[in-house]
Amino acid sequence: MRALILGAGGQVGRALAAALPQAIALSRKGLDITAAAGADIDWSGFDTLVNAAAFTDVDGAESTDGRAAAWRANAAGPASLAHVAAEHNLTLVHLSTEYVFDGRADEPYPEDAPIAPLSAYGASKAAGDLAVGMVERHYLIRPTWVVGEGRNFVRTMLALAARGVEPTVVGDQIGRPTFAQDIAAAIVHLVSTGAPYGPYHVTGSGEPASWAEVARTTYALSGHRDLAVTETSSEAYFADKPQAARRPLNSVLELSRAERAGVALPNWRDRLADYVSAGLS
Ligand SMILES: NC(=O)c1ccc[n+]([C@@H]2O[C@H](COP(=O)([O-])OP(=O)(O)OC[C@H]3O[C@@H](n4cnc5c(N)ncnc54)[C@H](OP(=O)(O)O)[C@@H]3O)[C@@H](O)[C@H]2O)c1
């Protein structure tokens, strides 16, 4: 695989650069994806373009400026990459999110569930998905609750636990954490085995949990079982946060398509234990 990785400064981008050491990996400073079509790059040196760049500030995307930035990075950027991929005959790998769904279903979401985003972030990502879907050779990878090297919920909980904080966390948003290195491994597997093109849900496996349960498990794994994690509802938690984005209550994705393609989907509880112990060592 002669791959160019974009967004290499982010959680998934870093994991991809580690999984594909022979690839060229560019952070935003190296290439702004909204300018990819006009960039001074010899595309003939690549057969695969992997885009891990995105505007991921879900609440920030609700502001006037944030909405524009989200649409630039999450819709116009991928559309520009789709143009490049089609013109230069590249396989395009792109990251989506379960925020393109409304989370009202009481079942795990399959890849072809109706798109119905609740937030500006989700809408901008949905537009990017549609652009990427126009490229014949594309993989659209949809993780949830990403945990890697960078800012994420588990890191926030570890920092709070270390300070002795007893947090209040929502208990009615259900999903499964996905570890960045497993997303990178899934991408390498799909591309290198020539799996059928299209969308793939790739998340941690195992019993889904609420954010409160993920917080409680993180506290316990880091030796802070004595500190209380109090559960609240999304409605109560966001009542005094009018600028916050609406989030899907059900973030659980159906994983059978990735399973059939032979993608390894480790149990998120095992991965969380590894992640916490690596951080503590
Ligand atoms: N994080 C989650 O929980 C989650 C859940 C589901 C799906 N996803 C999706 O998974 C993908 C990776 O997420 P992540 O957690 O790795 O995100 P992340 O850590 O926020 O990384 C995103 C990276 O993209 C860069 N970027 C933003 N705009 C750019 C632009 N115009 N050109 C080039 N680079 C740009 C950012 O740079 P700056 O730091 O300079 O802005 C950042 O390094 C995204 O597509 C996201 O939508 C994430």
# chains A, B, ... in the order shown; residues from 1 in each chain; ligands from 1
$ select_by_dssp --residues "segment 15-258 of chain A" --states "strand (DSSP E or B)" --output "JSON, numbers by chain"
{"A": [24, 25, 26, 48, 49, 50, 51, 91, 92, 93, 94, 95, 109, 138, 139, 140, 141, 142, 146, 147, 168, 169, 170, 174, 175, 178, 179, 198, 199, 200, 201, 205, 209, 210, 230, 231, 232, 250, 253]}
$ residues_near_ligand --ligand "ligand 1" --cutoff "9 Å" --atoms "only C-alpha atoms and all ligand atoms" --output "VMD selection string"
chain A and resid 6 to 15 26 to 36 51 to 57 69 to 70 72 to 74 77 94 to 99 121 to 122 125 141 to 153 177 to 178 180
$ select_by_dssp --residues "segment 57-271 of chain A" --states "helix (DSSP H, G or I)" --output "number ranges by chain"
A: 60-62, 64-88, 98-100, 120-133, 153-162, 180-193, 211-221, 234-238, 256-260, 268-271
$ residues_around --residues "segment 270-277 of chain A" --least-positions-apart "2" --cutoff "9 Å" --atoms "only C-alpha atoms" --output "PyMOL selection string"
chain A and resi 147-148+154-155+158+177-179+204+214+217-218+221-222+266-268+279-281
$ atom_distance --atom1 "atom CA of Gly262 of chain A" --atom2 "atom CA of His189 of chain A"
7.9 Å
$ residues_around --residues "Trp211 of chain A" --least-positions-apart "4" --cutoff "8 Å" --atoms "only C-alpha atoms" --output "VMD selection string"
chain A and resid 169 to 175 215
$ closest_residue --among "A:His88, A:Ala261, A:Pro114, A:Ala61" --to "Ser192 of chain A" --atoms "only C-alpha atoms"
A:Ala261
$ atom_distance --atom1 "atom CA of Leu4 of chain A" --atom2 "atom CA of Ala186 of chain A"
16.5 Å
